[in-house]
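Below is one structure, written out as structure tokens; comments come after it.
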Amino acid sequence: MTPLVAFAVLVAAFTHAGWNAIAHAIKDQLLSFTLISGGGLLIGAAAAGFVPFPAAEAWPYLFASAVLHVAYMLLLMRSFTLGDFGQMYPIARGTAPLVVTVLAAVFVGERPDGWATAGVAVASAGLVGLALWGIRGSGKRPHWPAIVAALATGLAIAGYTTVDGVGVRASGSSLGYIAWLMVLEGVAIPLYALYRRRSALVTQLRPYATRGLLGAALSVAAYGLVLWAQTRAALAPVAALRESSIIVGAAIGTVFFKERFGAPRIAAAGLMVVGIGLMLHAS
């Protein structure tokens with residue numbers, strides 16, 4: 001992982017935390033994710049005519065990824081409805097890097113060396129600690145349905161990360177891949193919202209349109225950067241470095257949603273920084 005790739009992934013981490021915070025702030029989660037998915041669909045459709053068409057070998061991965069992304073959106077929507085942003089976001093993101101490491105080793109043949117493995121493990125420990133210690137220190141009993149939804153979200157993240165890591169390399173163009181992925185995945189949730197809300201949908205969306213479409217733009221930018229990075233570095237370190245967004249997410253939860261941060265999360269963030277250092281040492 002070169003410094004340029006690492007910088008791109010860190011920018012993606014910041015933008016990813018931003019769009020998730022926007023999604024969480026819109027209390028009607030169906031409206032929130034309708035705007036983000038629909039906005040991504042519009043951006044992808046607009047870009048598709050100006051970027052290279054993905055190679056035929058990439059299309060099975062694109063369809064599989066679209067299904068996994070829709071599952072991810074639905075699970076994330078559920079976890080945000082049930083739990084605090086500062087707890088659900090770290091759990092969802094923190095479970096993914098270790099799973100991606102295993103999937104990449106089994107299905108892609110990418111076996112990280114000792115430094116990279118240590119970095120992924122230490123960073124993941126920090127990520128999970130950031131979530132679980134935050135629950136312990138919050139004074140609340142764990143809300144297990146929310147935690148299960150967040151863990152399932154993390155498994156969906158690991159699935160689409162691995163699928164897209166292979167697919168974008170086969171596509172011949174990271175820009176073409178992200179454009180068509182946004183088109184394919186962006187249809188399902190708006191159609192579901194239209195089925196549920198019918199003629200009232202447009203009226204309900206209007207007050208949140210600006211924020212939701214900003215979230216969509218941040219979402220496309222964040223994942224586009226990650227896909228580009230996956231064509232230039234191994235999947236596991238990219239996945240782990242990307243999840244530094246959890247530190248940003250925890251800070252956003254404290255500042256904007258008045259959720260407790262505290263010393264345990266500071267320690268967990270420190271582990272994340274050490275893990276990132278080990279991954280960069282490996283490169």
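Going through the structure tokens in order, the chains are called A, B, and so on, while each chain numbers its residues from 1 and the ligands are numbered from 1 in the order shown.
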
Contact check, range 50-163 of chain A to range 234-245 of chain A, at most 6 Å, counting only C-alpha atoms, closest pairs as a Markdown table:
| residue | atom | partner | partner_atom | distance |
| --- | --- | --- | --- | --- |
| A:Pro97 | CA | A:Ala240 | CA | 4.9 |
| A:Val100 | CA | A:Ala236 | CA | 5.7 |
| A:Thr101 | CA | A:Ala236 | CA | 4.8 |
| A:Val120 | CA | A:Ala240 | CA | 5.9 |

- [ ] Using only C-alpha atoms, determine which residues lie at most 12 Å from Thr153 in chain A, disregarding the query and same-chain residues fewer than 2 positions distant; provide the list as a PyMOL selection string.
- [x] chain A and resi 68-80+88-96+146-151+155-160

Open item on the list: Just the number, please: distance in Å from CA of Arg196 in chain A to CA of Ile22 in chain A, one decimal.
Closed with: 22.2 Å

Task: Best match for closeness to Val67 in chain A among A:Val187, A:Leu214, A:Val99, A:Ala251, counting only C-alpha atoms - done: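 Using only C-alpha atoms, Val67 in chain A sits closest to A:Val187.
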
Open item on the list: Could you tell me how far CA of Tyr195 in chain A sits from CA of His16 in chain A, in Å to one decimal place?
Closed with: 28.3 Å

TODO: Choose the residue, out of A:Leu184, A:Tyr61, A:Leu98, A:Ser174, that has the smallest atom-to-atom separation from Val122 in chain A; count only C-alpha atoms.
DONE: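 Selected residue with least distance to Val122 in chain A: A:Leu98.
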
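Proximity to Gly49 in chain A was assessed for A:Gly114, A:Gly176, A:Pro190, A:Gly275 counting only C-alpha atoms; the smallest distance is recorded for A:Gly176.
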
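We find CA of Ala233 in chain A and CA of Ala64 in chain A to be spaced 21.9 Å apart.
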
- [ ] Just the helix (DSSP H, G or I) stuff from range 32-161 of chain A, please, per backbone DSSP, written as a ChimeraX atom specification.
- [x] /A:32-48,56-82,85-94,96-108,114-137,144-161

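For the residues A:Ala25, A:Leu42, A:Ala8, A:Leu103, ranking by smallest atom-to-atom distance to Trp228 in chain A using only C-alpha atoms places A:Ala8 first.
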
Task: Residues within 6 Å of Ala23 in chain A, only C-alpha atoms, excluding chain neighbours under 3 positions, as a list in words - done: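 After dropping sequence-adjacent residues, the list is Asn20, Ile26 and Ser32 of chain A.
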
- [ ] Give me the residues within 9 Å of Ile252 in chain A as a VMD selection string, counting only C-alpha atoms and dropping any in the same chain fewer than 2 places off.
- [x] chain A and resid 17 to 18 21 85 to 86 247 to 250 254 to 259

Could you turn the residues from that selection into a file that holds all heavy atoms, as a compact mmCIF listing (two decimals), in the first residue's frame?
# COMPACT_ATOMS: atom_id res chain seq x y z
N ALA A 17 -17.85 8.06 6.98
CA ALA A 17 -18.45 8.42 8.28
C ALA A 17 -19.43 9.57 8.12
O ALA A 17 -20.48 9.61 8.77
CB ALA A 17 -17.35 8.80 9.28
N GLY A 18 -19.12 10.50 7.22
CA GLY A 18 -20.00 11.64 6.99
C GLY A 18 -21.36 11.22 6.45
O GLY A 18 -22.40 11.66 6.95
N ALA A 21 -23.42 9.43 9.08
CA ALA A 21 -23.98 10.37 10.06
C ALA A 21 -25.20 11.08 9.49
O ALA A 21 -26.20 11.28 10.20
CB ALA A 21 -22.92 11.38 10.48
N PHE A 85 -25.82 5.76 17.11
CA PHE A 85 -24.87 5.82 16.00
C PHE A 85 -23.47 5.45 16.47
O PHE A 85 -22.76 4.68 15.82
CB PHE A 85 -24.88 7.23 15.40
CG PHE A 85 -23.87 7.42 14.30
CD1 PHE A 85 -24.12 6.94 13.02
CD2 PHE A 85 -22.68 8.10 14.53
CE1 PHE A 85 -23.20 7.11 12.01
CE2 PHE A 85 -21.74 8.28 13.52
CZ PHE A 85 -22.01 7.78 12.26
N GLY A 86 -23.04 6.02 17.60
CA GLY A 86 -21.68 5.81 18.09
C GLY A 86 -21.38 4.39 18.50
O GLY A 86 -20.22 4.03 18.71
N ILE A 247 -13.29 5.86 14.01
CA ILE A 247 -12.83 6.92 14.91
C ILE A 247 -13.58 8.21 14.61
O ILE A 247 -14.05 8.91 15.51
CB ILE A 247 -11.31 7.11 14.77
CG1 ILE A 247 -10.58 5.82 15.13
CG2 ILE A 247 -10.83 8.27 15.64
CD1 ILE A 247 -9.09 5.87 14.88
N VAL A 248 -13.71 8.52 13.32
CA VAL A 248 -14.46 9.70 12.91
C VAL A 248 -15.92 9.56 13.33
O VAL A 248 -16.52 10.51 13.85
CB VAL A 248 -14.36 9.92 11.39
CG1 VAL A 248 -15.07 11.20 10.98
CG2 VAL A 248 -12.90 9.94 10.94
N GLY A 249 -16.48 8.37 13.12
CA GLY A 249 -17.88 8.15 13.49
C GLY A 249 -18.12 8.31 14.98
O GLY A 249 -19.14 8.89 15.40
N ALA A 250 -17.19 7.81 15.80
CA ALA A 250 -17.33 7.97 17.25
C ALA A 250 -17.27 9.44 17.65
O ALA A 250 -18.02 9.90 18.52
CB ALA A 250 -16.24 7.18 17.97
N THR A 254 -20.27 11.79 19.36
CA THR A 254 -20.09 12.59 20.57
C THR A 254 -20.49 14.03 20.35
O THR A 254 -21.20 14.63 21.16
CB THR A 254 -18.61 12.52 21.02
OG1 THR A 254 -18.26 11.15 21.28
CG2 THR A 254 -18.39 13.34 22.27
N VAL A 255 -20.04 14.62 19.24
CA VAL A 255 -20.25 16.05 19.01
C VAL A 255 -21.68 16.37 18.59
O VAL A 255 -22.31 17.30 19.11
CB VAL A 255 -19.25 16.57 17.96
CG1 VAL A 255 -19.55 18.03 17.59
CG2 VAL A 255 -17.82 16.44 18.48
N PHE A 256 -22.21 15.60 17.66
CA PHE A 256 -23.50 15.95 17.05
C PHE A 256 -24.69 15.20 17.65
O PHE A 256 -25.81 15.73 17.64
CB PHE A 256 -23.45 15.69 15.54
CG PHE A 256 -22.51 16.60 14.81
CD1 PHE A 256 -21.25 16.16 14.43
CD2 PHE A 256 -22.87 17.91 14.52
CE1 PHE A 256 -20.37 17.00 13.77
CE2 PHE A 256 -21.99 18.76 13.86
CZ PHE A 256 -20.74 18.31 13.49
N PHE A 257 -24.47 13.97 18.16
CA PHE A 257 -25.58 13.21 18.70
C PHE A 257 -25.52 13.08 20.22
O PHE A 257 -26.32 12.36 20.82
CB PHE A 257 -25.61 11.81 18.06
CG PHE A 257 -25.73 11.84 16.56
CD1 PHE A 257 -24.87 11.10 15.77
CD2 PHE A 257 -26.69 12.62 15.94
CE1 PHE A 257 -24.98 11.12 14.38
CE2 PHE A 257 -26.81 12.65 14.55
CZ PHE A 257 -25.95 11.90 13.78
N LYS A 258 -24.53 13.78 20.84
CA LYS A 258 -24.41 13.82 22.30
C LYS A 258 -24.25 12.43 22.92
O LYS A 258 -24.78 12.14 23.99
CB LYS A 258 -25.61 14.53 22.93
CG LYS A 258 -25.93 15.90 22.33
CD LYS A 258 -24.74 16.84 22.35
CE LYS A 258 -25.08 18.19 21.71
NZ LYS A 258 -23.89 19.08 21.60
N GLU A 259 -23.49 11.57 22.21
CA GLU A 259 -23.23 10.24 22.72
C GLU A 259 -21.85 10.23 23.38
O GLU A 259 -20.91 10.88 22.93
CB GLU A 259 -23.27 9.23 21.57
CG GLU A 259 -24.64 9.14 20.90
CD GLU A 259 -24.62 8.36 19.61
OE1 GLU A 259 -23.55 7.84 19.24
OE2 GLU A 259 -25.69 8.25 18.97

TODO: For Gly212 in chain A, please output as a PyMOL selection string all residues within 12 Å (counting only C-alpha atoms; exclusion window: fewer than 6 positions along the same chain).
DONE: chain A and resi 18-40+205-206+218-219

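Using only C-alpha atoms for every distance, the candidate list A:Ala56, A:Val163, A:Val108, A:Ala123 yields A:Ala123 as the residue closest to Ile246 in chain A.
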
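The shortest atom-to-atom distance to Arg232 in chain A, with only C-alpha atoms taken into account, belongs to A:Val9 out of A:Ala217, A:Val9, A:Ile43, A:Ala193.
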